[in-house]
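Structure file run.csv (CSV, C-alpha atoms) is printed below.
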chain,number,residue,atom,x,y,z
A,1,MET,CA,-28.0,-16.4,-0.1
A,2,ARG,CA,-24.3,-16.5,-1.0
A,3,ALA,CA,-22.5,-14.8,-3.8
A,4,LEU,CA,-19.0,-15.2,-5.2
A,5,ASN,CA,-17.5,-11.9,-6.5
A,6,LEU,CA,-14.6,-12.4,-9.0
A,7,SER,CA,-12.6,-9.7,-10.8
A,8,HIS,CA,-9.1,-8.6,-12.0
A,9,HIS,CA,-10.1,-5.1,-10.8
A,10,THR,CA,-10.1,-4.2,-7.1
A,11,GLY,CA,-12.6,-1.4,-7.8
A,12,ALA,CA,-15.1,-3.8,-9.3
A,13,LEU,CA,-14.7,-6.2,-6.4
A,14,LEU,CA,-15.1,-3.5,-3.7
A,15,ASN,CA,-18.0,-1.7,-5.3
A,16,MET,CA,-19.9,-4.9,-5.9
A,17,GLU,CA,-19.1,-6.1,-2.3
A,18,SER,CA,-20.5,-2.9,-0.8
A,19,LEU,CA,-23.6,-3.1,-3.0
A,20,PHE,CA,-24.2,-6.7,-1.9
A,21,ARG,CA,-24.0,-5.6,1.7
A,22,THR,CA,-27.2,-3.6,1.2
A,23,THR,CA,-29.1,-6.8,0.2
A,24,GLY,CA,-28.5,-9.1,3.2
A,25,TRP,CA,-26.5,-11.5,1.0
A,26,GLU,CA,-23.2,-13.0,2.1
A,27,VAL,CA,-20.5,-12.2,-0.4
A,28,ASP,CA,-17.0,-13.6,-0.9
A,29,SER,CA,-14.7,-11.4,-3.1
A,30,VAL,CA,-11.7,-13.0,-4.8
A,31,TYR,CA,-9.1,-10.9,-6.6
A,32,MET,CA,-8.2,-12.9,-9.7
A,33,TYR,CA,-5.1,-10.9,-10.8
A,34,GLY,CA,-2.4,-13.5,-11.3
A,35,LYS,CA,-4.8,-16.3,-10.7
A,36,ALA,CA,-6.4,-16.3,-14.2
A,37,PRO,CA,-5.2,-14.6,-17.4
A,38,TYR,CA,-6.9,-11.9,-19.3
A,39,LYS,CA,-7.1,-14.2,-22.4
A,40,ILE,CA,-8.5,-17.6,-21.6
A,41,HIS,CA,-8.6,-20.4,-24.2
A,42,ASP,CA,-10.9,-23.4,-23.9
A,43,ALA,CA,-8.3,-25.6,-22.3
A,44,GLU,CA,-7.4,-23.1,-19.6
A,45,ALA,CA,-11.0,-22.3,-19.0
A,46,GLU,CA,-11.7,-26.1,-18.6
A,47,LYS,CA,-8.8,-26.5,-16.2
A,48,LEU,CA,-9.8,-23.6,-14.0
A,49,TRP,CA,-13.4,-24.9,-13.9
A,50,ASN,CA,-12.3,-28.5,-12.9
A,51,GLU,CA,-10.0,-27.2,-10.3
A,52,ASN,CA,-12.6,-25.0,-8.6
A,53,LYS,CA,-16.0,-26.3,-9.5
A,54,GLU,CA,-16.7,-28.1,-6.2
A,55,LYS,CA,-16.2,-24.8,-4.3
A,56,TRP,CA,-17.8,-22.6,-6.9
A,57,ASN,CA,-20.9,-24.8,-7.0
A,58,THR,CA,-21.6,-24.1,-3.3
A,59,TYR,CA,-22.7,-20.5,-4.2
A,60,ASP,CA,-26.1,-19.2,-5.3
A,61,LEU,CA,-24.6,-16.6,-7.6
A,62,ILE,CA,-21.3,-15.8,-9.3
A,63,ILE,CA,-20.5,-12.3,-10.5
A,64,THR,CA,-17.6,-11.6,-12.9
A,65,GLY,CA,-16.4,-8.1,-13.8
A,66,ASP,CA,-13.3,-6.9,-15.6
A,67,SER,CA,-12.4,-8.9,-17.5
A,68,ILE,CA,-14.7,-10.9,-19.7
A,69,SER,CA,-12.3,-13.9,-19.7
A,70,LEU,CA,-13.5,-14.7,-16.2
A,71,ALA,CA,-17.1,-15.0,-17.5
A,72,TYR,CA,-16.0,-17.3,-20.3
A,73,ILE,CA,-15.0,-19.9,-17.7
A,74,PHE,CA,-18.6,-20.1,-16.5
A,75,LEU,CA,-20.4,-19.4,-19.8
A,76,ARG,CA,-18.9,-22.7,-21.1
A,77,GLN,CA,-20.3,-24.6,-18.1
A,78,LEU,CA,-23.8,-23.2,-17.5
A,79,ASP,CA,-25.3,-26.6,-17.8
A,80,GLU,CA,-23.1,-28.0,-15.1
A,81,MET,CA,-23.1,-24.9,-12.9
A,82,LYS,CA,-25.4,-24.8,-9.9
A,83,PRO,CA,-25.1,-21.1,-9.2
A,84,LYS,CA,-26.5,-18.4,-11.5
A,85,LEU,CA,-24.2,-16.1,-13.3
A,86,LEU,CA,-24.1,-12.3,-13.5
A,87,VAL,CA,-21.7,-11.0,-16.1
A,88,TRP,CA,-20.9,-7.3,-15.4
A,89,ILE,CA,-19.6,-6.1,-18.7
A,90,MET,CA,-16.9,-3.4,-18.4
A,91,ASN,CA,-14.0,-2.4,-20.7
A,92,ARG,CA,-15.6,-4.2,-23.6
A,93,PHE,CA,-17.5,-7.5,-23.8
A,94,ASP,CA,-14.7,-9.1,-26.0
A,95,TYR,CA,-11.6,-7.6,-24.3
A,96,GLN,CA,-8.6,-9.7,-25.3
A,97,MET,CA,-11.0,-12.6,-26.2
A,98,ASP,CA,-11.9,-11.4,-29.7
A,99,ASP,CA,-9.4,-13.9,-31.3
A,100,VAL,CA,-10.2,-16.9,-29.1
A,101,PRO,CA,-11.8,-19.5,-31.3
A,102,GLY,CA,-15.4,-20.1,-30.2
A,103,PHE,CA,-15.7,-17.1,-27.9
A,104,TYR,CA,-18.3,-15.2,-29.9
A,105,ASP,CA,-20.3,-18.3,-30.6
A,106,VAL,CA,-20.5,-19.2,-26.9
A,107,PHE,CA,-21.2,-15.6,-25.8
A,108,LYS,CA,-24.0,-15.1,-28.4
A,109,ASP,CA,-25.6,-18.4,-27.7
A,110,ARG,CA,-25.7,-17.8,-23.9
A,111,LEU,CA,-27.1,-14.3,-24.5
A,112,THR,CA,-29.9,-15.4,-26.9
A,113,ASN,CA,-30.7,-19.0,-26.0
A,114,GLU,CA,-34.0,-19.1,-24.1
A,115,LYS,CA,-32.6,-22.1,-22.2
A,116,TYR,CA,-30.3,-19.8,-20.3
A,117,SER,CA,-32.5,-16.8,-19.9
A,118,ASN,CA,-32.9,-17.4,-16.1
A,119,LYS,CA,-29.4,-18.7,-15.6
A,120,VAL,CA,-27.3,-15.8,-16.7
A,121,LYS,CA,-27.6,-12.0,-17.0
A,122,PHE,CA,-25.4,-9.8,-19.1
A,123,ILE,CA,-25.2,-6.3,-17.5
A,124,PRO,CA,-23.4,-3.4,-19.0
A,125,TYR,CA,-21.8,-0.8,-16.6
A,126,THR,CA,-22.1,2.1,-19.0
A,127,GLU,CA,-24.4,2.7,-22.0
A,128,TYR,CA,-21.3,2.8,-24.2
A,129,GLU,CA,-20.8,-1.0,-23.6
A,130,ARG,CA,-24.2,-1.5,-25.2
A,131,LEU,CA,-23.2,0.7,-28.2
A,132,TYR,CA,-19.9,-1.1,-28.6
A,133,ALA,CA,-21.5,-4.5,-28.4
A,134,ALA,CA,-24.2,-3.6,-30.9
A,135,LYS,CA,-21.6,-2.7,-33.5
A,136,ARG,CA,-20.5,-6.3,-33.3
A,137,GLY,CA,-24.0,-7.8,-33.6
A,138,VAL,CA,-24.3,-8.4,-29.8
A,139,TYR,CA,-27.4,-6.8,-28.3
A,140,LEU,CA,-27.3,-6.2,-24.5
A,141,LYS,CA,-30.9,-5.6,-23.3
A,142,GLU,CA,-30.4,-5.5,-19.5
A,143,PRO,CA,-30.3,-2.1,-17.6
A,144,VAL,CA,-27.0,-0.5,-17.0
A,145,LEU,CA,-25.6,-1.1,-13.5
A,146,LEU,CA,-23.3,1.8,-12.7
A,147,PRO,CA,-20.6,1.5,-10.1
A,148,TYR,CA,-22.1,2.0,-6.6
A,149,GLY,CA,-19.3,4.3,-5.5
A,150,LYS,CA,-18.9,2.9,-2.0
A,151,LYS,CA,-16.1,0.7,-0.6
A,152,LEU,CA,-16.2,-1.1,2.7
A,153,SER,CA,-12.7,-2.5,2.6
A,154,ILE,CA,-9.3,-2.1,0.9
A,155,LEU,CA,-7.5,-4.2,-1.5
A,156,SER,CA,-4.0,-3.3,-2.8
A,157,ASN,CA,-3.7,-2.6,-6.6
A,158,PRO,CA,-0.8,-3.7,-8.8
A,159,THR,CA,1.7,-0.8,-8.8
A,160,TYR,CA,1.4,1.2,-11.9
A,161,GLY,CA,2.7,4.6,-10.8
A,162,SER,CA,4.9,6.2,-8.2
A,163,GLU,CA,4.6,9.0,-5.7
A,164,ASP,CA,5.7,12.5,-6.6
A,165,LEU,CA,5.4,15.1,-3.9
A,166,SER,CA,8.1,17.3,-5.3
A,167,GLY,CA,5.5,20.0,-6.1
A,168,MET,CA,3.7,19.8,-2.8
A,169,THR,CA,4.6,23.1,-1.2
A,170,LYS,CA,1.5,23.5,1.0
A,171,PRO,CA,-0.6,21.3,3.3
A,172,PRO,CA,-2.9,18.7,1.7
A,173,GLU,CA,-6.0,20.9,2.1
A,174,GLU,CA,-4.3,23.5,-0.2
A,175,THR,CA,-2.9,20.9,-2.6
A,176,VAL,CA,-4.2,19.7,-5.9
A,177,PHE,CA,-4.1,15.9,-6.4
A,178,ILE,CA,-3.4,14.3,-9.8
A,179,MET,CA,-4.0,10.7,-10.6
A,180,TYR,CA,-1.2,8.7,-12.2
A,181,TYR,CA,-3.1,7.8,-15.4
A,182,GLY,CA,-1.4,8.7,-18.8
A,183,ASN,CA,-3.5,11.7,-19.7
A,184,ASP,CA,-2.7,13.5,-16.5
A,185,ASN,CA,1.0,12.6,-16.4
A,186,VAL,CA,2.1,11.9,-19.9
A,187,PHE,CA,-0.1,13.7,-22.4
A,188,MET,CA,-0.5,16.6,-20.0
A,189,PRO,CA,2.4,16.7,-17.5
A,190,PHE,CA,0.2,18.3,-14.8
A,191,VAL,CA,2.7,18.0,-12.0
A,192,LYS,CA,5.2,20.2,-13.9
A,193,PHE,CA,2.4,22.5,-15.2
A,194,PHE,CA,1.1,23.2,-11.6
A,195,LYS,CA,4.6,23.6,-10.2
A,196,ASP,CA,5.4,26.2,-12.9
A,197,MET,CA,2.1,27.9,-12.0
A,198,GLY,CA,3.1,28.0,-8.3
A,199,ILE,CA,0.2,25.6,-7.4
A,200,SER,CA,0.9,23.0,-4.8
A,201,VAL,CA,0.5,19.6,-6.4
A,202,ALA,CA,0.9,15.9,-5.5
A,203,THR,CA,0.5,12.6,-7.5
A,204,ASP,CA,0.4,9.0,-6.4
A,205,GLN,CA,-1.3,5.7,-6.9
A,206,PHE,CA,-3.9,5.2,-4.2
A,207,ASP,CA,-5.5,2.1,-2.8
A,208,SER,CA,-7.8,3.9,-0.4
A,209,LEU,CA,-10.0,6.9,-1.1
A,210,ALA,CA,-9.1,8.1,2.4
A,211,GLU,CA,-5.6,8.7,1.0
A,212,ILE,CA,-6.9,11.5,-1.2
A,213,GLN,CA,-9.9,12.9,0.7
A,214,LYS,CA,-7.4,15.1,2.6
A,215,TYR,CA,-6.5,17.0,-0.6
A,216,LYS,CA,-8.2,20.2,-1.8
A,217,CYS,CA,-9.4,18.6,-5.0
A,218,ILE,CA,-8.6,16.3,-8.0
A,219,VAL,CA,-7.9,17.5,-11.5
A,220,HIS,CA,-8.4,14.9,-14.1
A,221,LEU,CA,-8.5,14.5,-17.9
A,222,PRO,CA,-11.0,11.6,-18.6
A,223,ASP,CA,-9.5,8.5,-20.3
A,224,ALA,CA,-12.5,6.2,-20.4
A,225,PHE,CA,-16.3,6.4,-20.7
A,226,SER,CA,-16.7,5.1,-17.1
A,227,LYS,CA,-14.4,4.5,-14.1
A,228,PHE,CA,-15.2,3.4,-10.6
A,229,CYS,CA,-13.6,6.6,-9.3
A,230,THR,CA,-16.0,8.7,-11.4
A,231,PHE,CA,-18.7,7.8,-8.9
A,232,GLU,CA,-16.5,7.2,-5.9
A,233,PHE,CA,-15.4,10.8,-5.9
A,234,VAL,CA,-19.0,12.0,-5.8
A,235,VAL,CA,-20.0,9.6,-3.1
A,236,ASN,CA,-16.8,10.2,-0.9
A,237,ASP,CA,-16.6,14.0,-0.8
A,238,ILE,CA,-13.8,14.4,-3.3
A,239,PRO,CA,-14.1,17.6,-5.4
A,240,THR,CA,-13.2,17.0,-9.1
A,241,PHE,CA,-12.2,19.4,-11.8
A,242,ILE,CA,-12.6,18.1,-15.4
A,243,PRO,CA,-12.6,19.8,-18.8
A,244,THR,CA,-15.9,21.0,-20.3
A,245,GLU,CA,-17.2,18.8,-23.1
A,246,ARG,CA,-16.0,21.3,-25.6
A,247,PHE,CA,-12.5,21.4,-24.2
A,248,PHE,CA,-12.5,17.6,-23.8
A,249,GLN,CA,-13.2,17.3,-27.5
A,250,GLU,CA,-10.4,19.7,-28.3
A,251,LEU,CA,-7.9,17.8,-26.0
A,252,ASN,CA,-9.1,14.5,-27.4
A,253,ARG,CA,-7.9,15.5,-30.9
A,254,MET,CA,-4.5,17.0,-29.7
A,255,ALA,CA,-1.0,15.7,-30.2
A,256,ARG,CA,1.4,17.4,-27.9
A,257,PRO,CA,5.0,17.9,-29.3
A,258,MET,CA,7.7,16.1,-27.4
A,259,PRO,CA,11.3,17.2,-27.0
A,260,ASP,CA,12.5,14.2,-29.1
A,261,GLY,CA,10.4,15.5,-32.1
A,262,GLY,CA,7.7,12.9,-31.5
A,263,TYR,CA,4.1,13.5,-30.3
A,264,GLU,CA,2.2,12.4,-27.3
A,265,THR,CA,-1.5,12.0,-28.1
A,266,TYR,CA,-4.5,12.1,-25.8
A,267,LYS,CA,-5.5,8.5,-24.7
A,268,PHE,CA,-9.0,7.3,-24.5
A,269,THR,CA,-10.2,3.7,-24.4
A,270,VAL,CA,-12.2,3.8,-27.7
A,271,GLU,CA,-11.6,2.5,-31.2
A,272,GLY,CA,-9.4,5.0,-33.1
A,273,ASN,CA,-8.7,6.7,-29.8
A,274,ILE,CA,-10.8,9.7,-30.8
A,275,VAL,CA,-14.2,10.1,-29.2
A,276,PRO,CA,-16.8,11.1,-31.8
A,277,GLN,CA,-18.8,14.2,-30.7
A,278,GLU,CA,-22.1,12.2,-30.5
A,279,HIS,CA,-20.4,9.7,-28.1
A,280,VAL,CA,-19.4,12.4,-25.5
A,281,PRO,CA,-22.8,12.1,-23.7
A,282,TYR,CA,-22.0,8.5,-22.9
A,283,CYS,CA,-19.0,9.6,-20.8
A,284,GLU,CA,-20.0,9.1,-17.2
A,285,TRP,CA,-17.6,11.9,-16.0
A,286,TYR,CA,-20.3,14.3,-17.3
A,287,LYS,CA,-23.0,12.7,-15.1
A,288,TYR,CA,-24.0,14.7,-12.1
A,289,PRO,CA,-22.7,18.0,-13.5
A,290,ASN,CA,-23.6,20.0,-10.4
A,291,SER,CA,-21.0,17.9,-8.5
A,292,LYS,CA,-18.1,18.8,-10.8
A,293,ILE,CA,-16.2,21.9,-11.6
A,294,PHE,CA,-15.5,22.4,-15.3
A,295,PHE,CA,-12.7,24.2,-16.9
A,296,ASP,CA,-12.7,25.4,-20.6
A,297,SER,CA,-8.9,25.9,-21.0
A,298,LEU,CA,-5.8,25.6,-18.9
A,299,PRO,CA,-5.8,29.3,-17.9
A,300,ASP,CA,-9.5,28.8,-16.9
A,301,LEU,CA,-8.4,25.9,-14.8
A,302,VAL,CA,-5.7,27.9,-13.0
A,303,LYS,CA,-8.2,30.7,-12.4
A,304,LYS,CA,-10.9,28.4,-11.0
A,305,LEU,CA,-8.4,26.6,-8.7
A,306,GLY,CA,-7.4,30.0,-7.3
A,307,GLU,CA,-11.0,30.8,-6.7
A,308,PHE,CA,-11.8,27.5,-5.1
A,309,THR,CA,-12.0,28.7,-1.5
A,310,PRO,CA,-12.9,26.5,1.5
A,311,GLU,CA,-16.4,28.0,1.4
A,312,LYS,CA,-16.9,27.1,-2.2
A,313,ARG,CA,-15.5,23.6,-1.5
A,314,ALA,CA,-18.0,23.1,1.4
A,315,LYS,CA,-20.9,24.2,-0.9
A,316,LEU,CA,-19.8,21.8,-3.6
A,317,LEU,CA,-19.6,19.0,-1.1
A,318,ARG,CA,-23.2,19.7,0.0
A,319,GLN,CA,-24.3,19.2,-3.6
A,320,GLN,CA,-22.2,16.1,-4.0
A,321,ARG,CA,-24.0,14.5,-1.0
A,322,LEU,CA,-27.4,15.1,-2.6
A,323,ASP,CA,-26.2,13.5,-5.9
A,324,ALA,CA,-24.5,10.7,-3.9
A,325,GLU,CA,-27.7,9.8,-2.1
A,326,TYR,CA,-29.7,9.8,-5.4
A,327,HIS,CA,-27.0,7.8,-7.2
A,328,MET,CA,-26.6,5.1,-4.5
A,329,ASN,CA,-30.4,4.7,-4.3
A,330,SER,CA,-30.7,4.4,-8.0
A,331,VAL,CA,-28.0,1.8,-8.3
A,332,LYS,CA,-29.5,-0.2,-5.5
A,333,LEU,CA,-32.9,-0.2,-7.2
A,334,THR,CA,-31.4,-1.4,-10.5
A,335,PHE,CA,-29.4,-4.1,-8.7
A,336,ASN,CA,-32.4,-5.4,-6.8
A,337,LYS,CA,-34.3,-5.6,-10.1
A,338,ILE,CA,-31.5,-7.7,-11.6
A,339,LEU,CA,-31.5,-10.1,-8.6
A,340,ASP,CA,-35.3,-10.3,-8.7
A,341,ASP,CA,-35.2,-11.2,-12.4
A,342,LEU,CA,-32.7,-14.0,-11.6
A,343,PHE,CA,-34.2,-15.5,-8.5
A,344,ILE,CA,-37.9,-14.8,-8.5

Once you've parsed the file, please lay out its structure as C-alpha cells.
Amino acid sequence: MRALNLSHHTGALLNMESLFRTTGWEVDSVYMYGKAPYKIHDAEAEKLWNENKEKWNTYDLIITGDSISLAYIFLRQLDEMKPKLLVWIMNRFDYQMDDVPGFYDVFKDRLTNEKYSNKVKFIPYTEYERLYAAKRGVYLKEPVLLPYGKKLSILSNPTYGSEDLSGMTKPPEETVFIMYYGNDNVFMPFVKFFKDMGISVATDQFDSLAEIQKYKCIVHLPDAFSKFCTFEFVVNDIPTFIPTERFFQELNRMARPMPDGGYETYKFTVEGNIVPQEHVPYCEWYKYPNSKIFFDSLPDLVKKLGEFTPEKRAKLLRQQRLDAEYHMNSVKLTFNKILDDLFI
C-alpha cells in the first residue's frame, strides 16, 4: 500500500511519515510550501488537480495536514479520485478558507454524505479542533490523532527567526534554550530576562531536534492548544519548563508595557486571543504532567532552573521515556484503527 503525505508544515509531514513507517506502508512526503497557497479558490483547486491527478491517482491513500486548503483540492474531486483521503485537521478546519465561496458546503457534504463515508475521514489532531468546529455547526466524530512525536528525517523550515547566542555563557548542557515564537521572544523577552538573571541562554530556529537535545532544557510559554514539538520533546529526551495552568491563565490575560507606550499582549491561536479557563484542559502542553516541570511565577522559574541538577534531569528523562512509550503506542493504535476503518 502506498500513501502520499502532503502538508505546508514540515512537522506534520515528518510525524506522519514516521507513523506510517510502523505500518509497513510506503509513503511519499511532499512539502507543499510555495507549491499551493493557504487559500485555494475553486479555479486554483481545479488547476492543481488537473496538473497532478495522474500521479496522485496512483496512490492508495492521500493525507493532508496543515492547511485545510490542501484537503479542499481533493474534497472537490472525491468522485474522480482513486485513492482514499485522510484529512488531518490542525490549526482550524476552515483556516483561511472561511470566505471561499462553496467551501463550507463542500466540507459539510463530504463529512455527512453517506456516499463518502468510506472514502474520506476527517481526523482532528487535538480535542480543541472538535470544539472549534462544533461552534460552526461542523461535528467531527473521528478519534483525535495526536502527533506521533518521532521524526525519521529532516526537512528545512522557512526561516522565521534568527540565532541569538549572546547570552550563552556556559556550555550547552548548562544552557537554557528558548524557541523563537512570539510569546518567548516578544511578549516575554526571555533572552534578556535570563541574561539579566545570570542564566546561560540561547535561542534559534531549529530544523532538527538533535540541534536542541544538547541543551539543559527548554523554557516555553504555550501559544497553541497543540504543537508537534509538544510531543516531540517528550519522545526525544528534551526537558521542558512551562507555566502552571494558574500562571498560564495569568499570563494569557497580560499586556506588557512597551518602551514606546504601547502594549505587547500574550499570543494564543484562539478566538479573542484569551483562552477561557474551561478550555485550558484542551491544551496538550499539560498532557503527561510528570514529564514537565511547572513554574508558578518568574521567580519560581529562576529557582527551579537553579535546582535542575544533572541528577534531576536524568530522573525526569526516565519518566519521559515511560510517557513516550505509552504515547507512541497509543497513537499507533489510533492510527491503525483509522486505517482499518478506511480499508477493511

Problem set entry | Residue list as a PyMOL selection string for point (-23.3, -14.6, -4.6), cut-off 7 Å, all atoms listed in the file | chain A and resi 1-5+26-27+59-63

Problem set entry | Shell of 12 Å around A:Val186, only C-alpha atoms, local chain residues under 6 positions omitted, as a list in words |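 After dropping sequence-adjacent residues, the list is Gly161, Ile178, Met179, Tyr180, Lys192, Phe193, Leu221, Ala255, Arg256, Pro257, Met258, Tyr263, Glu264, Thr265, Tyr266 and Lys267 of chain A.
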
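Considering only C-alpha atoms, the residue among A:Glu80, A:Asp196, A:Asp94, A:Glu174 positioned nearest to A:Pro310 is A:Glu174.
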
Hey, could you make a per-residue contact list for stretch 170-242 of chain A against stretch 326-331 of chain A with 10 Å as the cut-off, showing the nearest pair of atoms and its distance in Å to one decimal, counting only C-alpha atoms, sorted by chain and number, as a tab-separated table?
residue	atom	partner	partner_atom	distance
A:Phe231	CA	A:His327	CA	8.5
A:Val234	CA	A:His327	CA	9.1
A:Val235	CA	A:Met328	CA	8.1

Problem set entry | Distance query 9 Å from (-24.2, -3.7, -26.9) using all atoms listed in the file, result as a ChimeraX atom specification | /A:93,124,127-141

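The residue set within 12 Å of A:Ile344, counting all atoms listed in the file and dropping same-chain residues fewer than 5 places from it, reads Asn118, Lys119, Asn336, Lys337, Ile338 and Leu339 of chain A.
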
Problem set entry | Residue contacts of stretch 31-38 of chain A (9 Å, only C-alpha atoms) excluding same-chain residues fewer than 3 positions away, as a list of chain:residue names |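 Counting only C-alpha atoms, the residues come to A:Asn5, A:Leu6, A:Ser7, A:His8, A:His9, A:Thr10, A:Leu13, A:Glu44, A:Ala45, A:Leu48, A:Asp66, A:Ser67, A:Ile68, A:Ser69, A:Leu70, A:Tyr95, A:Gln96, A:Met97, A:Leu155, A:Pro158.
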
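Distances here use all atoms listed in the file; by that measure, the residue among A:Ile123, A:Val280, A:Leu14, A:Ile218 closest to A:Phe294 is A:Ile218.
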
Problem set entry | Residue contacts of A:Glu173 (12 Å, all atoms listed in the file) excluding same-chain residues fewer than 2 positions away, as an MDAnalysis selection string | chainID A and resid 168:171 175:177 200:202 212:218 238:239 308:310 313

Problem set entry | For A:Lys227, the nearest of the candidates A:Phe103, A:Tyr148, A:Trp56, A:Tyr72, counting all atoms listed in the file | A:Tyr148

Problem set entry | Interatomic distance, atom CA of A:Ala314 to atom CA of A:Pro289 (Å, one decimal) | 16.4 Å

Problem set entry | Computed interatomic separation between atom CA of A:Arg321 and atom CA of A:Leu298 (Å) |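 Computing the Euclidean distance for atom CA of A:Arg321 and atom CA of A:Leu298 yields 27.8 Å.
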
Exercise. In Å, with one decimal, what is the gap from atom CA of A:Cys283 to atom CA of A:Phe295?
Worked result: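 Straight-line distance from atom CA of A:Cys283 to atom CA of A:Phe295 works out to 16.4 Å.
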
Exercise. Out of A:Ile199, A:Met254, A:Ile293, A:Leu152, which residue has the shortest atom-to-atom distance to A:Leu317 when counting only C-alpha atoms?
Worked result: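 Of A:Ile199, A:Met254, A:Ile293, A:Leu152, the one nearest A:Leu317 is A:Ile293, counting only C-alpha atoms.
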
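Counting all atoms listed in the file, the residue from A:Val144, A:Val191, A:Leu301, A:Cys229 that sits nearest to A:Tyr282 is A:Val144.
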
For this session: Considering all atoms listed in the file, state which residue in the set A:Asp204, A:Glu54, A:Glu142, A:Glu46 is at the smallest distance from A:Trp88.
Result: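 Counting all atoms listed in the file, the residue closest to A:Trp88 is A:Glu142.
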
For this session: Do a neighbour search on A:Gly102 at 12 Å with only C-alpha atoms, toss out local chain neighbours closer than 5 positions, and write the hits as a list in words.
Result: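 Once the adjacent positions are removed, what remains is Ile40, His41, Asp42, Ala43, Tyr72, Leu75, Arg76, Asp94, Met97, Phe107, Lys108 and Asp109 of chain A.
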
Mind dumping the selected residues with C-alpha atoms as a PDB file, keeping the file's coordinate frame?
ATOM      1  CA  ILE A  40      -8.500 -17.600 -21.600  1.00  0.00           C
ATOM      2  CA  HIS A  41      -8.600 -20.400 -24.200  1.00  0.00           C
ATOM      3  CA  ASP A  42     -10.900 -23.400 -23.900  1.00  0.00           C
ATOM      4  CA  ALA A  43      -8.300 -25.600 -22.300  1.00  0.00           C
ATOM      5  CA  TYR A  72     -16.000 -17.300 -20.300  1.00  0.00           C
ATOM      6  CA  LEU A  75     -20.400 -19.400 -19.800  1.00  0.00           C
ATOM      7  CA  ARG A  76     -18.900 -22.700 -21.100  1.00  0.00           C
ATOM      8  CA  ASP A  94     -14.700  -9.100 -26.000  1.00  0.00           C
ATOM      9  CA  MET A  97     -11.000 -12.600 -26.200  1.00  0.00           C
ATOM     10  CA  PHE A 107     -21.200 -15.600 -25.800  1.00  0.00           C
ATOM     11  CA  LYS A 108     -24.000 -15.100 -28.400  1.00  0.00           C
ATOM     12  CA  ASP A 109     -25.600 -18.400 -27.700  1.00  0.00           C
TER      13      ASP A 109
END

Stretch 61-77 of chain A dumped to file, C-alpha atoms, as a PDB file, in the first residue's frame:
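Result file is result_9.pdb:
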ATOM      1  CA  LEU A  61      -4.292   6.991   0.291  1.00  0.00           C
ATOM      2  CA  ILE A  62      -3.652  10.738   0.365  1.00  0.00           C
ATOM      3  CA  ILE A  63      -3.157  12.559   3.680  1.00  0.00           C
ATOM      4  CA  THR A  64      -3.384  16.325   4.061  1.00  0.00           C
ATOM      5  CA  GLY A  65      -2.419  18.258   7.166  1.00  0.00           C
ATOM      6  CA  ASP A  66      -1.902  21.974   7.816  1.00  0.00           C
ATOM      7  CA  SER A  67      -3.559  23.558   5.986  1.00  0.00           C
ATOM      8  CA  ILE A  68      -7.142  22.688   5.080  1.00  0.00           C
ATOM      9  CA  SER A  69      -6.772  24.266   1.637  1.00  0.00           C
ATOM     10  CA  LEU A  70      -4.827  21.180   0.527  1.00  0.00           C
ATOM     11  CA  ALA A  71      -7.763  18.984   1.515  1.00  0.00           C
ATOM     12  CA  TYR A  72     -10.133  21.180  -0.483  1.00  0.00           C
ATOM     13  CA  ILE A  73      -8.338  20.189  -3.709  1.00  0.00           C
ATOM     14  CA  PHE A  74      -9.343  16.586  -3.094  1.00  0.00           C
ATOM     15  CA  LEU A  75     -12.701  17.069  -1.389  1.00  0.00           C
ATOM     16  CA  ARG A  76     -13.979  18.575  -4.633  1.00  0.00           C
ATOM     17  CA  GLN A  77     -12.778  15.513  -6.591  1.00  0.00           C
TER      18      GLN A  77
END
